[in-house]
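Printed here is coords21.cif (mmCIF, C-alpha atoms):
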data_work
#
loop_
_atom_site.label_atom_id
_atom_site.label_comp_id
_atom_site.auth_asym_id
_atom_site.auth_seq_id
_atom_site.Cartn_x
_atom_site.Cartn_y
_atom_site.Cartn_z
CA MET T 445 90.69 -48.99 -111.93
CA LEU T 446 92.20 -48.07 -108.55
CA THR T 447 95.71 -46.68 -108.41
CA GLN T 448 98.30 -46.63 -105.65
CA LYS T 449 97.97 -42.83 -105.50
CA GLN T 450 94.22 -43.10 -104.98
CA ILE T 451 94.66 -45.67 -102.20
CA LEU T 452 97.20 -43.46 -100.41
CA ALA T 453 94.76 -40.52 -100.64
CA TRP T 454 92.05 -42.63 -99.01
CA LEU T 455 94.46 -43.79 -96.33
CA GLU T 456 94.74 -40.12 -95.31
CA GLU T 457 91.27 -40.61 -93.83
CA VAL T 458 92.45 -43.38 -91.51
CA LYS T 459 93.69 -41.89 -88.25
CA ASP T 460 95.80 -43.20 -85.39
CA PRO T 461 93.17 -44.29 -82.84
CA GLU T 462 95.28 -42.92 -79.99
CA ILE T 463 96.06 -39.60 -81.76
CA PRO T 464 92.99 -38.92 -83.91
CA VAL T 465 94.52 -35.90 -85.70
CA LEU T 466 97.27 -37.97 -87.26
CA SER T 467 96.72 -40.06 -90.41
CA LEU T 468 98.48 -43.39 -90.80
CA VAL T 469 100.24 -41.95 -93.86
CA ASP T 470 101.66 -39.03 -91.86
CA LEU T 471 102.50 -41.36 -89.01
CA GLY T 472 104.68 -43.23 -91.51
CA ILE T 473 103.57 -46.79 -90.81
CA ILE T 474 102.49 -47.65 -94.37
CA ASN T 475 105.37 -49.54 -95.96
CA THR T 476 103.97 -50.67 -99.31
CA VAL T 477 100.74 -50.42 -101.27
CA GLU T 478 100.09 -52.78 -104.15
CA VAL T 479 96.96 -52.65 -106.29
CA ASN T 480 96.02 -55.31 -108.77
CA ASP T 481 92.61 -55.28 -110.43
CA ASN T 482 91.06 -53.38 -107.49
CA GLN T 483 92.51 -55.87 -105.00
CA VAL T 484 94.73 -54.10 -102.50
CA LYS T 485 97.67 -55.44 -100.53
CA ILE T 486 99.22 -53.22 -97.88
CA GLU T 487 102.20 -53.74 -95.62
CA ILE T 488 102.28 -51.80 -92.36
CA THR T 489 104.77 -51.73 -89.50
CA PRO T 490 103.91 -50.73 -85.92
CA THR T 491 105.32 -47.72 -84.06
CA PHE T 492 105.88 -49.94 -81.02
CA VAL T 493 105.94 -53.75 -81.09
CA GLY T 494 103.40 -53.88 -78.24
CA CYS T 495 101.11 -51.18 -79.70
CA PRO T 496 97.55 -52.21 -78.75
CA ALA T 497 96.07 -49.96 -81.48
CA LEU T 498 97.50 -52.13 -84.24
CA GLU T 499 94.46 -54.36 -84.73
CA VAL T 500 92.16 -51.32 -84.76
CA MET T 501 94.33 -49.70 -87.44
CA ARG T 502 94.34 -52.84 -89.53
CA GLN T 503 90.54 -53.02 -89.39
CA ASP T 504 90.13 -49.28 -90.09
CA ILE T 505 92.31 -49.60 -93.19
CA LYS T 506 90.18 -52.47 -94.46
CA ASP T 507 86.86 -50.76 -93.71
CA THR T 508 87.90 -47.48 -95.33
CA LEU T 509 89.22 -49.00 -98.53
CA LEU T 510 86.29 -51.40 -98.92
CA LYS T 511 83.90 -48.47 -98.44
CA HIS T 512 85.64 -46.65 -101.30
CA GLY T 513 85.26 -49.61 -103.61
CA ALA T 514 88.30 -51.82 -103.24
CA ARG T 515 87.33 -55.40 -104.07
CA SER T 516 89.47 -56.94 -101.35
CA VAL T 517 92.01 -55.61 -98.86
CA GLU T 518 94.84 -57.56 -97.31
CA VAL T 519 96.89 -55.92 -94.55
CA GLU T 520 100.15 -57.54 -93.51
CA VAL T 521 102.12 -56.45 -90.45
CA ASN T 522 105.88 -56.92 -90.58
CA TYR T 523 109.20 -55.37 -89.57
CA LYS T 524 110.97 -55.39 -92.95
CA GLN T 525 111.33 -51.62 -92.77
CA PRO T 526 111.01 -50.99 -89.01
CA TRP T 527 109.31 -47.77 -88.00
CA THR T 528 111.34 -44.98 -86.45
CA SER T 529 110.06 -41.61 -85.24
CA ASP T 530 111.96 -39.99 -88.15
CA ARG T 531 109.25 -41.40 -90.42
CA LEU T 532 106.67 -38.90 -89.15
CA SER T 533 105.95 -36.43 -91.96
CA GLU T 534 106.27 -32.64 -91.51
CA ARG T 535 102.51 -32.40 -91.69
CA GLY T 536 102.25 -35.13 -89.06
CA ARG T 537 104.65 -33.29 -86.76
CA GLU T 538 102.59 -30.13 -87.09
CA ALA T 539 99.38 -32.09 -86.38
CA LEU T 540 100.96 -33.46 -83.19
CA ARG T 541 101.88 -29.95 -82.08
CA GLN T 542 98.34 -28.69 -82.73
CA PHE T 543 97.02 -31.64 -80.74
CA GLY T 544 99.22 -30.59 -77.80
CA LEU T 545 101.85 -33.31 -78.17
CA ALA T 546 105.48 -32.30 -78.71
CA PRO T 547 106.87 -33.99 -81.85
CA PRO T 548 109.99 -36.18 -81.38
CA PRO T 549 113.42 -34.67 -82.07
CA LYS T 550 114.81 -35.81 -85.44
CA GLY T 551 117.74 -38.15 -85.87
CA LYS T 552 117.53 -39.58 -82.34
CA VAL T 553 116.03 -42.95 -83.09
CA LEU T 554 118.44 -44.92 -80.90
CA VAL T 555 118.29 -42.88 -77.73
CA GLU T 556 121.74 -42.74 -76.08
CA ASP T 557 120.84 -40.72 -73.05
CA LEU T 558 117.70 -39.40 -71.41
CA GLU T 559 119.23 -35.92 -71.91
CA VAL T 560 117.62 -35.85 -75.37
CA LEU T 561 114.26 -35.80 -73.60
CA GLU T 562 115.17 -32.72 -71.55
CA ASN T 563 114.27 -29.22 -72.75
CA VAL T 564 111.76 -30.45 -75.30
CA PRO T 565 109.99 -27.35 -76.72
CA CYS T 566 106.57 -26.97 -75.07
CA PRO T 567 103.81 -27.55 -77.67
CA ARG T 568 101.73 -24.76 -76.10
CA CYS T 569 104.16 -21.85 -75.67
CA GLY T 570 107.34 -23.03 -77.42
CA SER T 571 109.47 -22.54 -74.28
CA THR T 572 112.44 -24.84 -73.81
CA ARG T 573 112.44 -24.25 -70.05
CA THR T 574 110.98 -27.73 -69.69
CA GLY T 575 111.98 -30.88 -67.90
CA LEU T 576 111.46 -34.61 -68.31
CA LYS T 577 109.09 -36.00 -65.68
CA ASN T 578 108.85 -39.59 -66.91
CA PRO T 579 110.23 -41.37 -69.99
CA PHE T 580 107.07 -43.54 -69.81
CA GLY T 581 103.61 -42.05 -70.30
CA PRO T 582 99.94 -42.82 -70.85
CA THR T 583 100.69 -44.78 -74.04
CA LEU T 584 103.88 -46.59 -75.08
CA CYS T 585 104.77 -43.82 -77.54
CA ARG T 586 104.59 -40.87 -75.13
CA SER T 587 106.81 -39.39 -72.41
CA ILE T 588 105.70 -36.85 -69.78
CA HIS T 589 107.25 -33.38 -69.41
CA TYR T 590 106.70 -30.18 -67.46
CA CYS T 591 106.83 -26.63 -68.80
CA MET T 592 108.26 -24.13 -66.28
CA ASP T 593 106.64 -21.22 -68.18
CA CYS T 594 103.12 -22.63 -68.61
CA ARG T 595 103.48 -24.40 -65.26
CA GLU T 596 101.73 -27.35 -66.74
CA ALA T 597 102.57 -30.87 -67.79
CA PHE T 598 102.65 -31.90 -71.46
CA GLU T 599 103.46 -35.04 -73.42
CA GLN T 600 105.92 -35.79 -76.16
CA PHE T 601 105.75 -38.39 -78.91
CA LYS T 602 108.92 -40.27 -77.98
CA PRO T 603 111.92 -40.56 -80.29
CA VAL T 604 112.48 -44.25 -80.98
CA MET X 567 119.38 -73.81 -90.99
CA ASN X 568 118.57 -76.05 -88.05
CA GLU X 569 114.91 -75.30 -87.37
CA THR X 570 114.88 -77.00 -83.96
CA ALA X 571 117.73 -74.77 -82.81
CA LEU X 572 115.99 -71.68 -84.20
CA LYS X 573 112.75 -72.53 -82.39
CA GLU X 574 114.58 -73.17 -79.16
CA LEU X 575 116.21 -69.75 -79.44
CA LEU X 576 112.89 -68.01 -80.19
CA TYR X 577 111.11 -69.75 -77.29
CA LYS X 578 113.85 -68.67 -74.92
CA LEU X 579 113.58 -65.03 -76.05
CA ALA X 580 109.78 -65.00 -75.99
CA ASP X 581 109.37 -66.80 -72.67
CA ASP X 582 111.85 -64.48 -70.93
CA LYS X 583 109.82 -61.51 -72.14
CA LEU X 584 106.43 -62.94 -71.25
CA ILE X 585 107.44 -63.91 -67.72
CA ILE X 586 109.41 -60.78 -66.81
CA GLY X 587 106.61 -58.76 -68.45
CA HIS X 588 104.08 -60.43 -66.20
CA ARG X 589 106.20 -59.73 -63.13
CA ASN X 590 106.55 -56.07 -64.21
CA SER X 591 102.77 -55.86 -64.58
CA GLU X 592 102.37 -56.87 -60.94
CA TRP X 593 103.62 -53.36 -60.07
CA THR X 594 100.58 -51.81 -61.74
CA GLY X 595 98.69 -49.99 -59.02
CA MET X 596 101.36 -50.90 -56.46
CA GLY X 597 104.39 -48.74 -57.40
CA PRO X 598 106.14 -46.74 -54.69
CA LEU X 599 105.61 -43.60 -56.82
CA LEU X 600 103.05 -43.01 -59.55
CA GLU X 601 105.99 -42.46 -61.91
CA GLU X 602 107.36 -45.92 -61.17
CA ASP X 603 103.95 -47.50 -61.39
CA ILE X 604 103.64 -46.12 -64.94
CA ALA X 605 107.22 -47.11 -65.81
CA PHE X 606 106.87 -50.76 -64.77
CA SER X 607 103.44 -50.97 -66.41
CA SER X 608 104.78 -49.54 -69.70
CA MET X 609 107.76 -51.88 -69.67
CA ALA X 610 105.36 -54.77 -69.03
CA GLN X 611 103.33 -53.77 -72.07
CA ASP X 612 106.47 -53.47 -74.20
CA LYS X 613 107.81 -56.85 -73.14
CA ILE X 614 104.56 -58.75 -73.46
CA GLY X 615 104.01 -57.13 -76.87
CA GLN X 616 107.51 -58.20 -77.90
CA SER X 617 106.86 -61.75 -76.69
CA TYR X 618 103.70 -61.80 -78.81
CA ALA X 619 105.69 -60.80 -81.92
CA LEU X 620 108.16 -63.64 -81.20
CA TYR X 621 105.36 -66.19 -80.62
CA GLN X 622 103.85 -65.08 -83.95
CA MET X 623 107.22 -65.75 -85.58
CA LEU X 624 107.13 -69.24 -84.04
CA GLN X 625 103.60 -69.73 -85.34
CA GLY X 626 104.95 -68.96 -88.83
CA LEU X 627 107.37 -71.86 -88.26
CA GLY X 628 104.52 -74.26 -87.48
CA GLU X 629 104.09 -73.79 -83.73
CA GLN X 630 100.69 -73.23 -82.13
CA ASP X 631 98.69 -70.03 -81.84
CA PRO X 632 100.42 -67.46 -79.52
CA ASP X 633 97.58 -67.54 -76.96
CA ILE X 634 97.76 -71.32 -76.70
CA VAL X 635 101.53 -71.20 -76.38
CA ALA X 636 101.40 -68.46 -73.72
CA PHE X 637 98.53 -69.78 -71.63
CA MET X 638 98.30 -73.54 -72.06
CA ARG X 639 101.81 -74.78 -71.34
CA ASN X 640 102.99 -76.02 -67.97
CA ALA X 641 106.06 -74.72 -66.17
CA ASP X 642 108.37 -77.47 -67.45
CA GLN X 643 107.63 -76.38 -71.05
CA PHE X 644 108.88 -72.83 -70.47
CA HIS X 645 112.41 -71.80 -71.46
CA ASN X 646 112.74 -68.57 -69.49
CA CYS X 647 115.59 -68.13 -67.03
CA ILE X 648 114.67 -68.65 -63.36
CA PHE X 649 115.69 -65.04 -62.64
CA ALA X 650 112.66 -63.75 -64.60
CA GLU X 651 110.14 -65.79 -62.61
CA LEU X 652 111.30 -64.85 -59.09
CA PRO X 653 108.66 -62.92 -57.14
CA ASN X 654 108.98 -59.13 -57.22
CA GLY X 655 109.92 -58.88 -53.57
CA GLU X 656 110.26 -55.29 -52.47
CA TYR X 657 111.00 -52.44 -54.85
CA ASP X 658 114.75 -52.75 -54.22
CA PHE X 659 114.82 -56.32 -55.56
CA SER X 660 112.55 -55.51 -58.52
CA LEU X 661 114.72 -52.55 -59.46
CA MET X 662 117.94 -54.57 -59.19
CA ARG X 663 116.48 -57.39 -61.26
CA HIS X 664 115.22 -54.86 -63.82
CA PHE X 665 118.75 -53.44 -64.10
CA LEU X 666 120.58 -56.78 -64.35
CA PHE X 667 118.02 -58.43 -66.62
CA ASP X 668 117.40 -55.53 -68.98
CA THR X 669 121.11 -54.83 -69.37
CA ALA X 670 121.47 -58.40 -70.64
CA GLU X 671 118.37 -58.17 -72.81
CA ALA X 672 119.47 -54.92 -74.45
CA ILE X 673 122.87 -56.39 -75.37
CA ARG X 674 121.22 -59.62 -76.54
CA PHE X 675 118.89 -57.82 -78.94
CA ASP X 676 121.72 -55.67 -80.21
CA MET X 677 123.57 -58.91 -81.05
CA LEU X 678 120.41 -60.33 -82.62
CA THR X 679 120.18 -57.44 -85.12
CA ARG X 680 123.00 -59.38 -86.82
CA SER X 681 121.15 -62.73 -86.81
CA ALA X 682 121.26 -64.82 -89.97
CA TYR X 683 117.50 -65.34 -89.62
CA SER X 684 116.31 -62.10 -91.19
CA PRO X 685 112.81 -61.84 -89.64
CA LEU X 686 114.49 -61.99 -86.21
CA ALA X 687 117.18 -59.49 -87.23
CA GLU X 688 114.50 -57.06 -88.48
CA LEU X 689 112.35 -57.36 -85.36
CA SER X 690 115.44 -56.97 -83.17
CA ILE X 691 116.22 -53.56 -84.69
CA LYS X 692 112.85 -52.41 -83.43
CA ILE X 693 113.11 -54.11 -80.03
CA ARG X 694 116.63 -52.74 -79.50
CA ALA X 695 115.35 -49.16 -79.83
CA GLU X 696 112.48 -49.81 -77.39
CA LEU X 697 114.76 -51.45 -74.83
CA ARG X 698 116.89 -48.31 -74.69
CA TYR X 699 114.16 -46.73 -72.60
CA HIS X 700 114.17 -49.70 -70.22
CA THR X 701 117.92 -49.64 -69.60
CA LEU X 702 118.03 -45.84 -69.32
CA HIS X 703 115.27 -46.08 -66.73
CA ALA X 704 117.10 -48.78 -64.76
CA ASN X 705 120.46 -46.99 -64.93
CA THR X 706 118.96 -43.72 -63.75
CA TRP X 707 117.42 -45.27 -60.63
CA ILE X 708 120.37 -47.51 -59.82
CA LYS X 709 122.70 -44.50 -59.97
CA LYS X 710 120.29 -42.34 -57.99
CA LEU X 711 119.51 -44.82 -55.21
CA GLY X 712 122.97 -46.38 -55.27
CA THR X 713 124.41 -43.05 -54.10
CA ALA X 714 121.53 -41.67 -52.01
CA THR X 715 121.09 -42.68 -48.37
CA GLU X 716 122.58 -45.37 -46.20
CA GLU X 717 119.30 -47.23 -46.32
CA SER X 718 118.93 -47.09 -50.10
CA ILE X 719 122.53 -48.23 -50.61
CA THR X 720 122.24 -51.08 -48.09
CA ARG X 721 118.96 -52.25 -49.58
CA LEU X 722 120.33 -52.24 -53.13
CA GLN X 723 123.53 -54.00 -52.02
CA THR X 724 121.47 -56.76 -50.38
CA ALA X 725 119.32 -57.05 -53.51
CA LEU X 726 122.44 -57.20 -55.70
CA ASN X 727 124.00 -59.99 -53.61
CA GLU X 728 120.77 -61.94 -53.70
CA ALA X 729 120.14 -61.41 -57.43
CA LEU X 730 123.57 -62.09 -58.92
CA PRO X 731 123.61 -65.94 -58.88
CA TYR X 732 120.20 -65.90 -60.56
CA ALA X 733 121.29 -63.21 -63.03
CA LEU X 734 124.15 -65.47 -64.12
CA GLY X 735 121.51 -68.10 -64.93
CA ILE X 736 120.33 -65.86 -67.80
CA PHE X 737 123.39 -67.05 -69.71
CA GLU X 738 122.78 -70.80 -69.34
CA GLU X 739 123.73 -72.28 -72.69
CA SER X 740 121.20 -73.86 -75.01
CA PRO X 741 121.38 -77.59 -75.80
CA TYR X 742 121.86 -76.31 -79.39
CA GLU X 743 124.41 -73.62 -78.52
CA GLU X 744 127.00 -74.73 -81.10
CA GLU X 745 124.45 -74.97 -83.94
CA ILE X 746 123.01 -71.60 -83.01
CA LYS X 747 126.44 -69.99 -83.16
CA ASP X 748 127.67 -71.87 -86.25
CA SER X 749 124.59 -71.03 -88.28
CA GLY X 750 124.87 -67.36 -87.32
CA LEU X 751 121.50 -67.24 -85.55
CA PHE X 752 123.04 -65.71 -82.43
CA GLU X 753 126.62 -65.06 -81.36
CA GLY X 754 126.14 -67.06 -78.17
CA GLU X 755 125.71 -66.78 -74.41
CA LYS X 756 129.44 -66.60 -73.57
CA LEU X 757 129.98 -63.43 -75.56
CA LEU X 758 126.77 -61.96 -74.17
CA LEU X 759 127.92 -62.71 -70.60
CA GLU X 760 131.28 -60.99 -71.19
CA ARG X 761 129.63 -57.86 -72.52
CA TRP X 762 127.03 -57.88 -69.75
CA MET X 763 129.68 -58.06 -67.02
CA GLU X 764 131.51 -55.11 -68.57
CA GLN X 765 128.33 -53.04 -68.76
CA VAL X 766 127.21 -53.90 -65.19
CA GLU X 767 130.66 -52.95 -63.86
CA GLN X 768 130.55 -49.72 -65.85
CA ILE X 769 127.22 -48.58 -64.37
CA LEU X 770 127.90 -49.74 -60.81
CA LYS X 771 131.22 -47.92 -60.62
CA ASP X 772 129.23 -44.66 -60.43
CA THR X 773 127.50 -45.94 -57.27
CA HIS X 774 128.53 -47.11 -53.79
CA LEU X 775 127.51 -50.68 -54.63
CA LYS X 776 130.17 -53.39 -54.57
CA LEU X 777 130.33 -56.31 -56.96
CA PRO X 778 131.61 -59.55 -55.43
CA ASP X 779 134.31 -61.51 -57.21
CA TRP X 780 132.53 -63.03 -60.22
CA SER X 781 134.41 -66.31 -59.79
CA ASN X 782 132.89 -66.88 -56.33
CA LEU X 783 129.35 -66.90 -57.70
CA LYS X 784 127.50 -70.06 -58.64
CA PRO X 785 124.92 -69.48 -61.41
CA VAL X 786 121.38 -70.73 -60.75
CA THR X 787 120.50 -72.59 -63.94
CA GLY X 788 117.87 -75.02 -65.21
CA GLY X 789 115.24 -72.62 -66.51
CA ARG X 790 116.37 -72.90 -70.13
CA VAL X 791 115.68 -76.64 -70.09
CA GLY X 792 112.40 -76.41 -68.19
CA ARG X 793 113.68 -77.01 -64.65
CA HIS X 794 112.14 -74.09 -62.81
CA SER X 795 111.79 -72.81 -59.27
CA GLU X 796 108.58 -73.30 -57.30
CA HIS X 797 107.58 -69.75 -58.30
CA LEU X 798 106.79 -70.31 -61.98
CA GLN X 799 103.74 -72.57 -61.82
CA PRO X 800 101.75 -70.26 -59.49
CA LEU X 801 102.59 -67.35 -61.82
CA LEU X 802 101.33 -69.33 -64.83
CA ASP X 803 98.19 -70.40 -62.96
CA GLU X 804 97.34 -66.80 -62.23
CA MET X 805 98.29 -65.48 -65.67
CA SER X 806 96.24 -68.09 -67.52
CA GLU X 807 93.27 -68.36 -65.18
CA VAL X 808 90.85 -66.39 -67.35
CA PHE X 809 92.02 -67.90 -70.63
CA ARG X 810 91.81 -71.45 -69.32
CA SER X 811 88.30 -70.91 -67.97
CA ASP X 812 87.09 -70.81 -71.61
CA PRO X 813 89.91 -71.29 -74.16
CA GLY X 814 87.57 -70.96 -77.14
CA ALA X 815 85.97 -67.66 -76.05
CA GLU X 816 85.77 -64.80 -78.57
CA TRP X 817 86.87 -61.56 -76.91
#
Do you think you could lay out the structure here as C-alpha cells?
Amino acid sequence: MLTQKQILAWLEEVKDPEIPVLSLVDLGIINTVEVNDNQVKIEITPTFVGCPALEVMRQDIKDTLLKHGARSVEVEVNYKQPWTSDRLSERGREALRQFGLAPPPKGKVLVEDLEVLENVPCPRCGSTRTGLKNPFGPTLCRSIHYCMDCREAFEQFKPV
Amino acid sequence: MNETALKELLYKLADDKLIIGHRNSEWTGMGPLLEEDIAFSSMAQDKIGQSYALYQMLQGLGEQDPDIVAFMRNADQFHNCIFAELPNGEYDFSLMRHFLFDTAEAIRFDMLTRSAYSPLAELSIKIRAELRYHTLHANTWIKKLGTATEESITRLQTALNEALPYALGIFEESPYEEEIKDSGLFEGEKLLLERWMEQVEQILKDTHLKLPDWSNLKPVTGGRVGRHSEHLQPLLDEMSEVFRSDPGAEW
C-alpha cells in the first residue's frame, strides 16, 4: 500500500525541466498529495501563471509515479495556495546556487521596488558588488545581473 | 451569483490580456535594445499565460475550449478595450501604453484579490505579484526617458497626449456593472479609474511630462461591447492564421 510519504520521496526524482537540479518538492509547487488504494491525486500550483514547463511537469509526475507502481495518477493545477518564492526549500536554494542561479531573497514576494534586485549575492563568488541588468530574463522566473568582481553576468531566480 | 455578469467580467480580463500580450509579442526581435526586446517578450508570455488561466476558468463555467475562444472568435465578440488593440507604433507609444495600461491592470488585479468569486481571487493574488514586474519596468523607463533629453521628453509627451483618450476607454463600464459590484465580484470601474488617475499623476510628477486637464478628455469606448477599431480584426487574422488552417491538429 502506497503512502503519502512514499509518493513525496518519489516526487524528489521529478525535476524542474528548466532547472534540472531542482526537484518539484524543493521548488515548493506540490500543494497536496492524497493516496487511496494506490490511486494518487496531486494538486500543484505553478511558479508563474504563464510557465510553459507546467504541462511537462504534470506529465513527468504521472510517468514517475506510474513507473513506481501507482495504479492511477491525477494531477490538478490550481491556485488555492498560490506559489511564492518563499516556498523554495533550503535544499532547493542551495541547489540553485550550485547550478549558478542566485536564490531569491526571502520575504519579498510582493516586490515594492526594483532595489530588492540590486546587490544580489553572486552565486559564483558571493560578492554583493553586483547590479541588476534586466528584471526579465531567459525564462519568466529569472532576472539578469552582473557581478563587478567576476566581471560576468549571472541570473537570479526572481522573488515573486 | 449572476453567472452572465461573472462571465462578462472574465472575458473582459482575459481578452485584454490576450490582445495586449499579442501586441507586446510583436516587439520580439524588434526591440530598440536587447534588454527591451526581452522585457516585452517576457511580459507578452506572462499576459498570454494569464489570459489562458482566465479562459480555463471560463471553460469551467461551460464556455468553449481556450484555444477555440482565443482563435475562432471575430472582432465583435472580443471584450478588450480599444487601447489594447492599437498598433505598437514607435517605441515611445508602446512604452506609454505599457505604462498607462499596466498601471490600470495592476490596480485592477489588486482589487480582484478581494473578489467574492474565490477562484478569481486566488488567481489574482498570483497575477498581482507578477504584474509588479511589469509596472516597475514601465515606471523605470517613463521616469528615465521622461527626464532625459528634449527629444525623449517631446516624444513621450506626444505619445501621452495621443494615448490618454484611449486609456480612459479601459474604464468603460460593463452592461452588468451594478450586478458585478453588488455581488462583490469586482469593486467597479469608477473606483479603479480614481485610483489609476492618482497613480499616473504620482509617477508623472517625477518627470517633465504634463498631464492635460482630465475633464477635457473624451474617452474612446466601445471595445467592452464588441465595437472595435479597424485594428483588431487584422490582429486576430494574423494571430489565428496557423490555428485556423487546421483547427483539429494535434501539436
Contact set, chain T to chain X: 7 Å, only C-alpha atoms, as a PyMOL selection string = chain T and resi 493-494+523-524+526+554-555+557-558+578+580-581+584+604
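The coordinates place atom CA of Ser516 of chain T at 8.4 Å from atom CA of Lys485 of chain T.
You can rank T:Val519, T:Val484, T:Ala546, T:Leu509 by their closest distance to Glu457 of chain T using all atoms listed in the file, and at the top of that list sits T:Leu509.
For the structure shown here, the set of residues caught by the PyMOL selection byres ((chain X and resi 802) around 10) is X:Ile585, X:His588, X:Ala636, X:Phe637, X:Met638, X:Arg639, X:Asn640, X:Ala641, X:Glu651, X:His797, X:Leu798, X:Gln799, X:Pro800, X:Leu801, X:Asp803, X:Glu804, X:Met805, X:Ser806, X:Glu807.
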To verify the selection step, state as number ranges by chain which residues the PyMOL selection byres ((chain T and resi 531-543) around 7) yields on this input.
-> T: 465-466, 470-472, 527-530, 544-547, 567
Find the spatial neighbours of Val517 of chain T, counting all atoms listed in the file, within a cut-off of 9 Å - ignore same-chain residues fewer than 6 positions away - and output them as a ChimeraX atom specification.
-> /T:482-486,505-507,509-510
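Relative to atom CA of Glu520 of chain T, atom CA of Asp481 of chain T is found at 18.7 Å.
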In Å to one decimal, how far is atom CA of Met763 of chain X from atom CA of Asn727 of chain X?
-> 14.7 Å
Residues in the PyMOL selection byres ((chain T and resi 589) around 7), expressed as a VMD selection string = chain T and resid 574 to 578 587 to 588 590 to 591 597 to 599
Near Arg761 of chain X, within 9 Å and counting all atoms listed in the file, which residues show up once chain neighbours fewer than 4 positions away are dropped, as a list in words?
-> Ala670, Ile673, Lys756, Leu757, Gln765 and Val766 of chain X
Taking only C-alpha atoms into account, which of T:Thr508, T:Ser467, T:Gln600, T:Thr447 comes nearest Val479 of chain T?
-> T:Thr447
